[in-house]
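A.B. asks: I am sharing work.txt, which consists of compact mmCIF, N, CA and C atoms:
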```
# COMPACT_ATOMS: atom_id res chain seq x y z
N MET A 883 9.31 0.23 88.11
CA MET A 883 7.87 -0.03 88.03
C MET A 883 7.55 -0.59 86.65
N THR A 884 6.63 -1.51 86.60
CA THR A 884 6.18 -2.10 85.35
C THR A 884 5.11 -1.22 84.72
N LEU A 885 5.19 -1.08 83.41
CA LEU A 885 4.17 -0.33 82.70
C LEU A 885 2.87 -1.11 82.68
N THR A 886 1.78 -0.39 82.64
CA THR A 886 0.47 -1.01 82.51
C THR A 886 -0.19 -0.52 81.23
N ARG A 887 -1.20 -1.23 80.82
CA ARG A 887 -1.91 -0.96 79.56
C ARG A 887 -2.62 0.38 79.60
N GLY A 888 -2.51 1.09 78.50
CA GLY A 888 -3.21 2.36 78.34
C GLY A 888 -4.28 2.24 77.27
N ASP A 889 -4.37 3.25 76.45
CA ASP A 889 -5.40 3.33 75.42
C ASP A 889 -4.83 3.06 74.02
N VAL A 890 -5.71 2.70 73.11
CA VAL A 890 -5.35 2.57 71.70
C VAL A 890 -5.79 3.85 71.00
N GLY A 891 -4.85 4.50 70.33
CA GLY A 891 -5.14 5.76 69.67
C GLY A 891 -5.58 5.61 68.23
N GLY A 892 -5.37 4.42 67.65
CA GLY A 892 -5.79 4.18 66.28
C GLY A 892 -4.62 4.19 65.31
N TYR A 893 -4.95 3.91 64.08
CA TYR A 893 -3.96 3.82 63.01
C TYR A 893 -3.76 5.19 62.38
N GLU A 894 -2.52 5.62 62.28
CA GLU A 894 -2.18 6.89 61.65
C GLU A 894 -1.59 6.57 60.28
N PHE A 895 -2.40 6.75 59.25
CA PHE A 895 -2.05 6.35 57.90
C PHE A 895 -0.79 7.04 57.38
N ASP A 896 -0.65 8.34 57.64
CA ASP A 896 0.50 9.09 57.12
C ASP A 896 1.83 8.56 57.64
N ARG A 897 1.87 8.15 58.89
CA ARG A 897 3.11 7.63 59.48
C ARG A 897 3.18 6.11 59.45
N MET A 898 2.06 5.46 59.09
CA MET A 898 1.95 4.01 59.04
C MET A 898 2.31 3.36 60.39
N VAL A 899 1.68 3.89 61.44
CA VAL A 899 1.87 3.37 62.79
C VAL A 899 0.52 3.29 63.50
N VAL A 900 0.44 2.39 64.46
CA VAL A 900 -0.68 2.37 65.38
C VAL A 900 -0.22 3.07 66.65
N LEU A 901 -0.98 4.06 67.06
CA LEU A 901 -0.68 4.80 68.27
C LEU A 901 -1.35 4.13 69.45
N PHE A 902 -0.64 4.07 70.56
CA PHE A 902 -1.21 3.54 71.80
C PHE A 902 -0.47 4.16 72.96
N SER A 903 -0.93 3.91 74.15
CA SER A 903 -0.24 4.45 75.32
C SER A 903 -0.05 3.35 76.35
N MET A 904 0.94 3.60 77.19
CA MET A 904 1.20 2.75 78.35
C MET A 904 1.23 3.70 79.55
N ARG A 905 1.11 3.14 80.74
CA ARG A 905 1.10 3.98 81.95
C ARG A 905 2.20 3.55 82.90
N ASP A 906 2.89 4.54 83.43
CA ASP A 906 3.86 4.36 84.50
C ASP A 906 3.27 5.07 85.71
N GLY A 907 2.45 4.34 86.46
CA GLY A 907 1.66 4.97 87.51
C GLY A 907 0.66 5.90 86.87
N ALA A 908 0.70 7.19 87.24
CA ALA A 908 -0.21 8.17 86.66
C ALA A 908 0.32 8.77 85.36
N ARG A 909 1.59 8.55 85.07
CA ARG A 909 2.23 9.12 83.87
C ARG A 909 1.84 8.32 82.63
N VAL A 910 1.39 9.01 81.59
CA VAL A 910 1.03 8.38 80.32
C VAL A 910 2.26 8.42 79.41
N ILE A 911 2.61 7.26 78.87
CA ILE A 911 3.74 7.14 77.95
C ILE A 911 3.19 6.95 76.54
N PRO A 912 3.36 7.94 75.64
CA PRO A 912 2.87 7.75 74.27
C PRO A 912 3.74 6.72 73.55
N CYS A 913 3.11 5.86 72.78
CA CYS A 913 3.81 4.79 72.07
C CYS A 913 3.26 4.66 70.65
N ALA A 914 4.08 4.05 69.79
CA ALA A 914 3.66 3.76 68.43
C ALA A 914 4.37 2.50 67.97
N VAL A 915 3.68 1.70 67.17
CA VAL A 915 4.28 0.51 66.57
C VAL A 915 4.06 0.60 65.06
N SER A 916 5.12 0.32 64.30
CA SER A 916 5.01 0.44 62.86
C SER A 916 4.16 -0.68 62.26
N ALA A 917 3.50 -0.36 61.18
CA ALA A 917 2.69 -1.35 60.47
C ALA A 917 3.57 -2.49 59.97
N SER A 918 4.77 -2.17 59.50
CA SER A 918 5.65 -3.23 59.00
C SER A 918 6.10 -4.17 60.12
N ALA A 919 6.29 -3.64 61.33
CA ALA A 919 6.65 -4.50 62.47
C ALA A 919 5.52 -5.47 62.78
N MET A 920 4.28 -4.99 62.75
CA MET A 920 3.15 -5.88 63.01
C MET A 920 3.02 -6.93 61.92
N ASP A 921 3.23 -6.54 60.67
CA ASP A 921 3.18 -7.51 59.58
C ASP A 921 4.28 -8.56 59.74
N ASP A 922 5.47 -8.14 60.16
CA ASP A 922 6.55 -9.09 60.41
C ASP A 922 6.17 -10.08 61.51
N LEU A 923 5.56 -9.58 62.57
CA LEU A 923 5.17 -10.45 63.69
C LEU A 923 4.15 -11.51 63.26
N GLU A 924 3.27 -11.15 62.34
CA GLU A 924 2.24 -12.08 61.88
C GLU A 924 2.62 -12.81 60.59
N HIS A 925 3.81 -12.53 60.08
CA HIS A 925 4.23 -13.11 58.80
C HIS A 925 3.19 -12.82 57.73
N ALA A 926 2.73 -11.57 57.72
CA ALA A 926 1.72 -11.12 56.76
C ALA A 926 2.36 -10.11 55.81
N SER A 927 1.70 -9.88 54.71
CA SER A 927 2.19 -8.85 53.80
C SER A 927 1.10 -7.81 53.58
N ARG A 928 1.42 -6.59 53.94
CA ARG A 928 0.55 -5.45 53.70
C ARG A 928 -0.90 -5.63 54.15
N THR A 929 -1.07 -5.68 55.44
CA THR A 929 -2.42 -5.71 56.00
C THR A 929 -3.13 -4.41 55.62
N ALA A 930 -4.39 -4.49 55.30
CA ALA A 930 -5.17 -3.31 54.90
C ALA A 930 -5.26 -2.32 56.06
N ALA A 931 -5.27 -1.04 55.72
CA ALA A 931 -5.30 0.02 56.72
C ALA A 931 -6.48 -0.11 57.68
N ASP A 932 -7.63 -0.52 57.16
CA ASP A 932 -8.81 -0.64 58.03
C ASP A 932 -8.75 -1.86 58.94
N GLN A 933 -7.72 -2.68 58.80
CA GLN A 933 -7.54 -3.86 59.65
C GLN A 933 -6.42 -3.69 60.68
N ARG A 934 -5.75 -2.54 60.65
CA ARG A 934 -4.58 -2.33 61.52
C ARG A 934 -4.92 -2.37 63.01
N GLU A 935 -6.02 -1.76 63.41
CA GLU A 935 -6.36 -1.77 64.84
C GLU A 935 -6.66 -3.19 65.32
N GLN A 936 -7.34 -3.99 64.50
CA GLN A 936 -7.61 -5.38 64.88
C GLN A 936 -6.31 -6.17 64.95
N GLN A 937 -5.39 -5.89 64.04
CA GLN A 937 -4.09 -6.55 64.07
C GLN A 937 -3.36 -6.18 65.36
N PHE A 938 -3.41 -4.91 65.75
CA PHE A 938 -2.78 -4.47 66.99
C PHE A 938 -3.35 -5.23 68.19
N VAL A 939 -4.67 -5.37 68.23
CA VAL A 939 -5.32 -6.07 69.35
C VAL A 939 -4.83 -7.52 69.42
N ARG A 940 -4.69 -8.18 68.28
CA ARG A 940 -4.19 -9.56 68.27
C ARG A 940 -2.77 -9.66 68.81
N LEU A 941 -1.97 -8.65 68.53
CA LEU A 941 -0.55 -8.66 68.89
C LEU A 941 -0.24 -7.85 70.15
N ARG A 942 -1.26 -7.33 70.78
CA ARG A 942 -1.08 -6.35 71.86
C ARG A 942 -0.15 -6.82 72.96
N ASP A 943 -0.29 -8.04 73.43
CA ASP A 943 0.57 -8.51 74.53
C ASP A 943 2.04 -8.44 74.15
N ARG A 944 2.38 -8.93 72.96
CA ARG A 944 3.78 -8.90 72.52
C ARG A 944 4.28 -7.48 72.32
N ILE A 945 3.44 -6.64 71.76
CA ILE A 945 3.82 -5.25 71.52
C ILE A 945 4.07 -4.53 72.84
N GLU A 946 3.18 -4.72 73.80
CA GLU A 946 3.33 -4.05 75.09
C GLU A 946 4.54 -4.58 75.87
N GLN A 947 4.86 -5.85 75.75
CA GLN A 947 6.07 -6.38 76.38
C GLN A 947 7.31 -5.70 75.81
N CYS A 948 7.34 -5.53 74.51
CA CYS A 948 8.47 -4.87 73.86
C CYS A 948 8.55 -3.40 74.28
N ALA A 949 7.43 -2.72 74.35
CA ALA A 949 7.40 -1.33 74.80
C ALA A 949 7.93 -1.22 76.23
N SER A 950 7.55 -2.15 77.08
CA SER A 950 8.03 -2.15 78.47
C SER A 950 9.54 -2.32 78.53
N ARG A 951 10.08 -3.21 77.70
CA ARG A 951 11.54 -3.41 77.67
C ARG A 951 12.26 -2.12 77.25
N LYS A 952 11.74 -1.45 76.21
CA LYS A 952 12.36 -0.21 75.76
C LYS A 952 12.24 0.89 76.83
N PHE A 953 11.12 0.92 77.52
CA PHE A 953 10.92 1.89 78.59
C PHE A 953 11.95 1.67 79.69
N LEU A 954 12.10 0.44 80.14
CA LEU A 954 13.06 0.14 81.21
C LEU A 954 14.49 0.43 80.79
N ALA A 955 14.78 0.30 79.50
CA ALA A 955 16.12 0.60 78.98
C ALA A 955 16.32 2.10 78.72
N GLY A 956 15.25 2.88 78.88
CA GLY A 956 15.33 4.33 78.66
C GLY A 956 15.45 4.72 77.20
N GLU A 957 14.91 3.90 76.32
CA GLU A 957 15.02 4.14 74.87
C GLU A 957 13.82 4.96 74.38
N PHE A 958 13.83 6.25 74.73
CA PHE A 958 12.75 7.16 74.34
C PHE A 958 13.12 7.90 73.07
N GLU A 959 12.11 8.26 72.28
CA GLU A 959 12.31 9.01 71.04
C GLU A 959 11.21 10.04 70.90
N GLY A 960 11.45 10.97 70.00
CA GLY A 960 10.41 11.90 69.60
C GLY A 960 10.15 13.02 70.58
N ASN A 961 9.15 13.82 70.20
CA ASN A 961 8.73 14.94 71.01
C ASN A 961 7.21 15.01 70.95
N PRO A 962 6.48 14.67 71.98
CA PRO A 962 6.98 14.37 73.32
C PRO A 962 7.69 13.01 73.37
N GLN A 963 8.53 12.84 74.35
CA GLN A 963 9.27 11.61 74.52
C GLN A 963 8.33 10.42 74.66
N GLY A 964 8.58 9.39 73.87
CA GLY A 964 7.73 8.20 73.89
C GLY A 964 8.50 7.00 73.40
N ILE A 965 7.79 5.93 73.17
CA ILE A 965 8.37 4.67 72.72
C ILE A 965 7.89 4.41 71.29
N ILE A 966 8.83 4.19 70.39
CA ILE A 966 8.49 3.85 69.01
C ILE A 966 9.05 2.46 68.73
N LEU A 967 8.18 1.56 68.29
CA LEU A 967 8.57 0.17 68.03
C LEU A 967 8.65 -0.08 66.54
N ARG A 968 9.76 -0.67 66.14
CA ARG A 968 10.00 -1.05 64.75
C ARG A 968 10.28 -2.54 64.71
N GLY A 969 10.34 -3.10 63.52
CA GLY A 969 10.58 -4.52 63.37
C GLY A 969 11.82 -5.01 64.11
N ILE A 970 12.89 -4.23 64.08
CA ILE A 970 14.13 -4.63 64.72
C ILE A 970 13.98 -4.80 66.23
N ASP A 971 13.02 -4.12 66.82
CA ASP A 971 12.82 -4.21 68.27
C ASP A 971 12.26 -5.57 68.71
N PHE A 972 11.74 -6.33 67.77
CA PHE A 972 11.12 -7.61 68.11
C PHE A 972 12.05 -8.80 67.83
N ARG A 973 13.28 -8.52 67.42
CA ARG A 973 14.23 -9.60 67.12
C ARG A 973 15.04 -9.96 68.32
```
Reformat the file's structure so that it appears as structure tokens.

C.D. replies:
Amino acid sequence: MTLTRGDVGGYEFDRMVVLFSMRDGARVIPCAVSASAMDDLEHASRTAADQREQQFVRLRDRIEQCASRKFLAGEFEGNPQGIILRGIDFR
């Protein structure tokens, strides 16, 4: 099954990630993408913290495609199990 779009949880400054979710039917898959990965995608350097959610929205399609690939490959991390995207995942 293909994942579908979920919610945006916002920027978590301490971990430097944007939290979001994807859905596998009724199941919610927690996800996160690193700030550095988003900067790499946009060829930007150090986007301001208050601009991270807007940056996520601009890159959302690419980020969600990558999350779907990791989901299908069974590449879960953390507790609860979820998808964490880093710069290397977009290469």

A.B. asks: Scan for residues within 6 Å of the point (9.6, 0.3, 63.6) in the coordinates of the file, using only N, CA and C atoms, and reply as a list in words.

C.D. replies: Val915, Ser916, Ala919, Ile966, Leu967, Arg968, Gly969 and Ile970 of chain A

A.B. asks: Which one of A:Asp921, A:Asp932, A:Asp906, A:Asp896 sits closest to Thr884 of chain A if you count all atoms listed in the file?

C.D. replies: A:Asp906

A.B. asks: How far is it from atom N of Gly960 of chain A to atom C of Pro912 of chain A, in Å with one decimal?

C.D. replies: 9.5 Å

A.B. asks: From the options A:Cys913, A:Ala908, A:Met898, A:Met920, which residue's atoms come nearest to Leu941 of chain A, counting only C-alpha atoms?

C.D. replies: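 Counting only C-alpha atoms, the residue closest to Leu941 of chain A is A:Met920.
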
A.B. asks: Hey, which of A:Arg942, A:Arg934, A:Arg973, A:Arg951 ends up closest to Gly892 of chain A? Count all atoms listed in the file.

C.D. replies: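 Answer, going by the shortest atom-to-atom distance: A:Arg934.
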
A.B. asks: Work out how far apart atom CA of Leu901 of chain A and atom C of Asp889 of chain A are and give it in Å to one decimal.

C.D. replies: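 About the pair atom CA of Leu901 of chain A and atom C of Asp889 of chain A: they are 7.3 Å apart.
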
A.B. asks: Would you please extract all strand (DSSP E or B) residues from chain A, as assigned by DSSP on the backbone, and give them as a PDB file with N, CA and C atoms, keeping the file's coordinate frame?

C.D. replies:
```
ATOM      1  N   THR A 886       1.780  -0.390  82.640  1.00  0.00           N
ATOM      2  CA  THR A 886       0.470  -1.010  82.510  1.00  0.00           C
ATOM      3  C   THR A 886      -0.190  -0.520  81.230  1.00  0.00           C
ATOM      4  N   ARG A 887      -1.200  -1.230  80.820  1.00  0.00           N
ATOM      5  CA  ARG A 887      -1.910  -0.960  79.560  1.00  0.00           C
ATOM      6  C   ARG A 887      -2.620   0.380  79.600  1.00  0.00           C
ATOM      7  N   GLY A 888      -2.510   1.090  78.500  1.00  0.00           N
ATOM      8  CA  GLY A 888      -3.210   2.360  78.340  1.00  0.00           C
ATOM      9  C   GLY A 888      -4.280   2.240  77.270  1.00  0.00           C
ATOM     10  N   ASP A 889      -4.370   3.250  76.450  1.00  0.00           N
ATOM     11  CA  ASP A 889      -5.400   3.330  75.420  1.00  0.00           C
ATOM     12  C   ASP A 889      -4.830   3.060  74.020  1.00  0.00           C
ATOM     13  N   VAL A 890      -5.710   2.700  73.110  1.00  0.00           N
ATOM     14  CA  VAL A 890      -5.350   2.570  71.700  1.00  0.00           C
ATOM     15  C   VAL A 890      -5.790   3.850  71.000  1.00  0.00           C
ATOM     16  N   GLY A 891      -4.850   4.500  70.330  1.00  0.00           N
ATOM     17  CA  GLY A 891      -5.140   5.760  69.670  1.00  0.00           C
ATOM     18  C   GLY A 891      -5.580   5.610  68.230  1.00  0.00           C
ATOM     19  N   GLY A 892      -5.370   4.420  67.650  1.00  0.00           N
ATOM     20  CA  GLY A 892      -5.790   4.180  66.280  1.00  0.00           C
ATOM     21  C   GLY A 892      -4.620   4.190  65.310  1.00  0.00           C
ATOM     22  N   TYR A 893      -4.950   3.910  64.080  1.00  0.00           N
ATOM     23  CA  TYR A 893      -3.960   3.820  63.010  1.00  0.00           C
ATOM     24  C   TYR A 893      -3.760   5.190  62.380  1.00  0.00           C
ATOM     25  N   GLU A 894      -2.520   5.620  62.280  1.00  0.00           N
ATOM     26  CA  GLU A 894      -2.180   6.890  61.650  1.00  0.00           C
ATOM     27  C   GLU A 894      -1.590   6.570  60.280  1.00  0.00           C
ATOM     28  N   VAL A 899       1.680   3.890  61.440  1.00  0.00           N
ATOM     29  CA  VAL A 899       1.870   3.370  62.790  1.00  0.00           C
ATOM     30  C   VAL A 899       0.520   3.290  63.500  1.00  0.00           C
ATOM     31  N   VAL A 900       0.440   2.390  64.460  1.00  0.00           N
ATOM     32  CA  VAL A 900      -0.680   2.370  65.380  1.00  0.00           C
ATOM     33  C   VAL A 900      -0.220   3.070  66.650  1.00  0.00           C
ATOM     34  N   LEU A 901      -0.980   4.060  67.060  1.00  0.00           N
ATOM     35  CA  LEU A 901      -0.680   4.800  68.270  1.00  0.00           C
ATOM     36  C   LEU A 901      -1.350   4.130  69.450  1.00  0.00           C
ATOM     37  N   PHE A 902      -0.640   4.070  70.560  1.00  0.00           N
ATOM     38  CA  PHE A 902      -1.210   3.540  71.800  1.00  0.00           C
ATOM     39  C   PHE A 902      -0.470   4.160  72.960  1.00  0.00           C
ATOM     40  N   SER A 903      -0.930   3.910  74.150  1.00  0.00           N
ATOM     41  CA  SER A 903      -0.240   4.450  75.320  1.00  0.00           C
ATOM     42  C   SER A 903      -0.050   3.350  76.350  1.00  0.00           C
ATOM     43  N   MET A 904       0.940   3.600  77.190  1.00  0.00           N
ATOM     44  CA  MET A 904       1.200   2.750  78.350  1.00  0.00           C
ATOM     45  C   MET A 904       1.230   3.700  79.550  1.00  0.00           C
ATOM     46  N   ARG A 905       1.110   3.140  80.740  1.00  0.00           N
ATOM     47  CA  ARG A 905       1.100   3.980  81.950  1.00  0.00           C
ATOM     48  C   ARG A 905       2.200   3.550  82.900  1.00  0.00           C
ATOM     49  N   ASP A 906       2.890   4.540  83.430  1.00  0.00           N
ATOM     50  CA  ASP A 906       3.860   4.360  84.500  1.00  0.00           C
ATOM     51  C   ASP A 906       3.270   5.070  85.710  1.00  0.00           C
ATOM     52  N   ARG A 909       1.590   8.550  85.070  1.00  0.00           N
ATOM     53  CA  ARG A 909       2.230   9.120  83.870  1.00  0.00           C
ATOM     54  C   ARG A 909       1.840   8.320  82.630  1.00  0.00           C
ATOM     55  N   VAL A 910       1.390   9.010  81.590  1.00  0.00           N
ATOM     56  CA  VAL A 910       1.030   8.380  80.320  1.00  0.00           C
ATOM     57  C   VAL A 910       2.260   8.420  79.410  1.00  0.00           C
ATOM     58  N   ILE A 911       2.610   7.260  78.870  1.00  0.00           N
ATOM     59  CA  ILE A 911       3.740   7.140  77.950  1.00  0.00           C
ATOM     60  C   ILE A 911       3.190   6.950  76.540  1.00  0.00           C
ATOM     61  N   PRO A 912       3.360   7.940  75.640  1.00  0.00           N
ATOM     62  CA  PRO A 912       2.870   7.750  74.270  1.00  0.00           C
ATOM     63  C   PRO A 912       3.740   6.720  73.550  1.00  0.00           C
ATOM     64  N   CYS A 913       3.110   5.860  72.780  1.00  0.00           N
ATOM     65  CA  CYS A 913       3.810   4.790  72.070  1.00  0.00           C
ATOM     66  C   CYS A 913       3.260   4.660  70.650  1.00  0.00           C
ATOM     67  N   ALA A 914       4.080   4.050  69.790  1.00  0.00           N
ATOM     68  CA  ALA A 914       3.660   3.760  68.430  1.00  0.00           C
ATOM     69  C   ALA A 914       4.370   2.500  67.970  1.00  0.00           C
ATOM     70  N   VAL A 915       3.680   1.700  67.170  1.00  0.00           N
ATOM     71  CA  VAL A 915       4.280   0.510  66.570  1.00  0.00           C
ATOM     72  C   VAL A 915       4.060   0.600  65.060  1.00  0.00           C
ATOM     73  N   SER A 916       5.120   0.320  64.300  1.00  0.00           N
ATOM     74  CA  SER A 916       5.010   0.440  62.860  1.00  0.00           C
ATOM     75  C   SER A 916       4.160  -0.680  62.260  1.00  0.00           C
ATOM     76  N   GLU A 959      12.110   8.260  72.280  1.00  0.00           N
ATOM     77  CA  GLU A 959      12.310   9.010  71.040  1.00  0.00           C
ATOM     78  C   GLU A 959      11.210  10.040  70.900  1.00  0.00           C
ATOM     79  N   GLY A 964       8.580   9.390  73.870  1.00  0.00           N
ATOM     80  CA  GLY A 964       7.730   8.200  73.890  1.00  0.00           C
ATOM     81  C   GLY A 964       8.500   7.000  73.400  1.00  0.00           C
ATOM     82  N   ILE A 965       7.790   5.930  73.170  1.00  0.00           N
ATOM     83  CA  ILE A 965       8.370   4.670  72.720  1.00  0.00           C
ATOM     84  C   ILE A 965       7.890   4.410  71.290  1.00  0.00           C
ATOM     85  N   ILE A 966       8.830   4.190  70.390  1.00  0.00           N
ATOM     86  CA  ILE A 966       8.490   3.850  69.010  1.00  0.00           C
ATOM     87  C   ILE A 966       9.050   2.460  68.730  1.00  0.00           C
ATOM     88  N   LEU A 967       8.180   1.560  68.290  1.00  0.00           N
ATOM     89  CA  LEU A 967       8.570   0.170  68.030  1.00  0.00           C
ATOM     90  C   LEU A 967       8.650  -0.080  66.540  1.00  0.00           C
TER      91      LEU A 967
END
```

A.B. asks: Compile the contact shell of Ser950 of chain A as a list in words: residues with an atom at most 9 Å away, counting only C-alpha atoms, same-chain residues fewer than 2 positions apart removed.

C.D. replies: Thr884, Leu885, Thr886, Met904, Ile945, Glu946, Gln947, Cys948, Lys952, Phe953, Leu954, Ala955 and Ile965 of chain A

A.B. asks: What is the distance, in Å and to one decimal place, between atom CA of Arg887 of chain A and atom CA of Ala931 of chain A?

C.D. replies: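 Value for the atom CA of Arg887 of chain A-atom CA of Ala931 of chain A distance: 23.1 Å.
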
A.B. asks: Within chain A, find each residue whose DSSP state, derived from the backbone, is helix (DSSP H, G or I), and express the selection as a PyMOL selection string.

C.D. replies: chain A and resi 917-924+931-954+969-972

A.B. asks: For Glu924 of chain A, which of A:Val890, A:Arg944, A:Pro962, A:Arg909 is the closest residue, counting only C-alpha atoms?

C.D. replies: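 Closest candidate: A:Arg944.
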
A.B. asks: Need the axis-aligned box for segment 940-959 of chain A with 5 Å each side, so what are the centre and edges in Å to one decimal, as JSON?

C.D. replies:
```
{"center_x": 5.8, "center_y": 0.2, "center_z": 74.7, "size_x": 31.0, "size_y": 29.7, "size_z": 22.9}
```

A.B. asks: Write segment 888-896 of chain A as a JSON list (two decimals), keeping the file's coordinate frame, completed to all heavy atoms.

C.D. replies:
```json
[["chain", "number", "residue", "atom", "x", "y", "z"],
["A", 888, "GLY", "N", -2.51, 1.09, 78.50],
["A", 888, "GLY", "CA", -3.21, 2.36, 78.34],
["A", 888, "GLY", "C", -4.28, 2.24, 77.27],
["A", 888, "GLY", "O", -4.97, 1.22, 77.15],
["A", 889, "ASP", "N", -4.37, 3.25, 76.45],
["A", 889, "ASP", "CA", -5.40, 3.33, 75.42],
["A", 889, "ASP", "C", -4.83, 3.06, 74.02],
["A", 889, "ASP", "O", -3.64, 3.23, 73.79],
["A", 889, "ASP", "CB", -6.05, 4.72, 75.41],
["A", 889, "ASP", "CG", -6.72, 5.05, 76.74],
["A", 889, "ASP", "OD1", -7.38, 4.15, 77.30],
["A", 889, "ASP", "OD2", -6.57, 6.19, 77.20],
["A", 890, "VAL", "N", -5.71, 2.70, 73.11],
["A", 890, "VAL", "CA", -5.35, 2.57, 71.70],
["A", 890, "VAL", "C", -5.79, 3.85, 71.00],
["A", 890, "VAL", "O", -6.95, 4.25, 71.08],
["A", 890, "VAL", "CB", -6.03, 1.35, 71.05],
["A", 890, "VAL", "CG1", -5.67, 1.26, 69.57],
["A", 890, "VAL", "CG2", -5.66, 0.07, 71.77],
["A", 891, "GLY", "N", -4.85, 4.50, 70.33],
["A", 891, "GLY", "CA", -5.14, 5.76, 69.67],
["A", 891, "GLY", "C", -5.58, 5.61, 68.23],
["A", 891, "GLY", "O", -6.07, 6.54, 67.62],
["A", 892, "GLY", "N", -5.37, 4.42, 67.65],
["A", 892, "GLY", "CA", -5.79, 4.18, 66.28],
["A", 892, "GLY", "C", -4.62, 4.19, 65.31],
["A", 892, "GLY", "O", -3.47, 4.44, 65.67],
["A", 893, "TYR", "N", -4.95, 3.91, 64.08],
["A", 893, "TYR", "CA", -3.96, 3.82, 63.01],
["A", 893, "TYR", "C", -3.76, 5.19, 62.38],
["A", 893, "TYR", "O", -4.71, 5.85, 62.00],
["A", 893, "TYR", "CB", -4.41, 2.82, 61.95],
["A", 893, "TYR", "CG", -3.41, 2.62, 60.83],
["A", 893, "TYR", "CD1", -2.14, 2.11, 61.10],
["A", 893, "TYR", "CD2", -3.74, 2.94, 59.53],
["A", 893, "TYR", "CE1", -1.23, 1.93, 60.07],
["A", 893, "TYR", "CE2", -2.83, 2.75, 58.49],
["A", 893, "TYR", "CZ", -1.57, 2.25, 58.77],
["A", 893, "TYR", "OH", -0.66, 2.06, 57.76],
["A", 894, "GLU", "N", -2.52, 5.62, 62.28],
["A", 894, "GLU", "CA", -2.18, 6.89, 61.65],
["A", 894, "GLU", "C", -1.59, 6.57, 60.28],
["A", 894, "GLU", "O", -0.43, 6.15, 60.16],
["A", 894, "GLU", "CB", -1.18, 7.66, 62.51],
["A", 894, "GLU", "CG", -0.99, 9.07, 62.04],
["A", 894, "GLU", "CD", -0.12, 9.86, 62.99],
["A", 894, "GLU", "OE1", -0.60, 10.20, 64.08],
["A", 894, "GLU", "OE2", 1.03, 10.14, 62.61],
["A", 895, "PHE", "N", -2.40, 6.75, 59.25],
["A", 895, "PHE", "CA", -2.05, 6.35, 57.90],
["A", 895, "PHE", "C", -0.79, 7.04, 57.38],
["A", 895, "PHE", "O", 0.06, 6.42, 56.75],
["A", 895, "PHE", "CB", -3.22, 6.58, 56.94],
["A", 895, "PHE", "CG", -2.97, 6.07, 55.56],
["A", 895, "PHE", "CD1", -3.11, 4.71, 55.28],
["A", 895, "PHE", "CD2", -2.56, 6.92, 54.55],
["A", 895, "PHE", "CE1", -2.86, 4.22, 54.00],
["A", 895, "PHE", "CE2", -2.32, 6.44, 53.27],
["A", 895, "PHE", "CZ", -2.46, 5.09, 53.00],
["A", 896, "ASP", "N", -0.65, 8.34, 57.64],
["A", 896, "ASP", "CA", 0.50, 9.09, 57.12],
["A", 896, "ASP", "C", 1.83, 8.56, 57.64],
["A", 896, "ASP", "O", 2.81, 8.53, 56.91],
["A", 896, "ASP", "CB", 0.38, 10.58, 57.47],
["A", 896, "ASP", "CG", -0.75, 11.26, 56.75],
["A", 896, "ASP", "OD1", -1.22, 10.73, 55.72],
["A", 896, "ASP", "OD2", -1.18, 12.33, 57.20]]
```
